[in-house]
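**Q** First the structure, then my questions, so here it is.
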Amino acid sequence: MLQVLHNPRCGKSRTCLAFLDDSDKSYEIINYLTNPLSAFEIEALLKKLNVKPIEIVRQKESIWIEHYKGKTLSDKAIIEAIAKHPILMERPIVIDGDKAIIGREIDKLNDFI
């Protein structure tokens with residue numbers, strides 16, 4: 001079963017769920033804002049996505065701009081920032097076993113599922 005890291009206030013995230021509903025794929029919704037991922041879980045997610053931590057950061061979020069922008073941060077520091085402030089993580093993220101995708105583009109999501 002697919003898992004979707006979802007923010008109900010995000011239009012792209014809601015669009016992703018609507019797409020999955022139309023595809024008849026079974027999925028579990030994980031509201032990562034109310035149930036934040038640990039640093040360990042974020043590291044595991046990054047391996048599934050096959051990306052660097054900075055690639056899943058929403059760099060226009062005010063928390064990022066106020067606290068992290070312009071600083072030289074290690075991957076570990078970025079992961080810790082995401083764990084501390086889950087709003088910084090891109091969404092939605094769709095997980096299928098040992099692989100995952102940022103589901104903002106329906107065409108890519110369609111190819112993924």
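Going by the structure tokens order, chains are called A, B, ..., each with residues numbered from 1, while ligands are numbered from 1 in the order shown.
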If we count only C-alpha atoms, what is near Ile93 in chain A at a cut-off of 8 Å, once residues fewer than 5 positions away on the same chain are taken out, given as a ChimeraX atom specification?
**A** /A:4-6,100-103
**Q** Output the selection as a tab-separated table (two decimals), in the first residue's frame - N, CA and C atoms for each residue.
**A**
chain	number	residue	atom	x	y	z
A	4	VAL	N	1.28	8.37	1.81
A	4	VAL	CA	1.38	9.74	1.32
A	4	VAL	C	1.65	10.66	2.51
A	5	LEU	N	2.80	11.32	2.47
A	5	LEU	CA	3.10	12.35	3.46
A	5	LEU	C	2.35	13.59	2.98
A	6	HIS	N	1.34	13.96	3.75
A	6	HIS	CA	0.33	14.91	3.29
A	6	HIS	C	0.19	16.09	4.24
A	100	ALA	N	10.34	6.30	-3.41
A	100	ALA	CA	9.44	7.41	-3.12
A	100	ALA	C	9.61	8.50	-4.17
A	101	ILE	N	8.64	9.40	-4.21
A	101	ILE	CA	8.66	10.51	-5.15
A	101	ILE	C	7.97	11.71	-4.52
A	102	ILE	N	8.46	12.89	-4.84
A	102	ILE	CA	7.74	14.11	-4.46
A	102	ILE	C	6.63	14.24	-5.49
A	103	GLY	N	5.39	14.16	-5.03
A	103	GLY	CA	4.24	14.04	-5.93
A	103	GLY	C	3.61	15.35	-6.35
**Q** Leaving out Ile87 in chain A and any residue of its chain fewer than 3 positions from it, which residues lie within 9 Å of it when counting only C-alpha atoms, given as a PyMOL selection string?
**A** chain A and resi 7+32-33+57-58+61+63+82+90
**Q** Write to file, as a JSON list (two decimals), in the first residue's frame, the residues of the selection just made, with C-alpha atoms.
**A**
[["chain", "number", "residue", "atom", "x", "y", "z"],
["A", 7, "ASN", "CA", -0.40, 18.47, 4.38],
["A", 32, "TYR", "CA", 3.56, 14.72, 8.78],
["A", 33, "LEU", "CA", 2.80, 18.02, 10.49],
["A", 57, "VAL", "CA", 13.39, 21.69, 1.76],
["A", 58, "ARG", "CA", 10.77, 24.33, 1.05],
["A", 61, "GLU", "CA", 9.12, 29.01, 4.03],
["A", 63, "ILE", "CA", 11.23, 29.47, 9.07],
["A", 82, "ILE", "CA", 13.34, 19.34, 8.88],
["A", 90, "GLU", "CA", 8.24, 19.35, 0.44]]
**Q** Please return as a PyMOL selection string: the residues of chain A that backbone DSSP assigns to helix (DSSP H, G or I).
**A** chain A and resi 11-23+39-49+53-56+62-67+75-84+86-88+106-112
**Q** For each of A:Pro86, A:Glu105, A:Ile113, A:Gly97, take the minimum atom-to-atom distance to Ile42 in chain A, counting only C-alpha atoms, then give the residue where this is smallest.
**A**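 Looking at the shortest contact to Ile42 in chain A, the residue is A:Pro86.
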**Q** Between A:His85, A:Lys25, A:Lys99, A:Arg104, which one has atoms that come closest to Lys48 in chain A, using only C-alpha atoms?
**A**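 The shortest atom-to-atom distance to Lys48 in chain A comes from A:Lys99.
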**Q** For Pro8 in chain A, which residue among A:Asn50, A:Pro36, A:Ser23, A:Ile30 is the nearest when counting only C-alpha atoms?
**A** A:Ile30
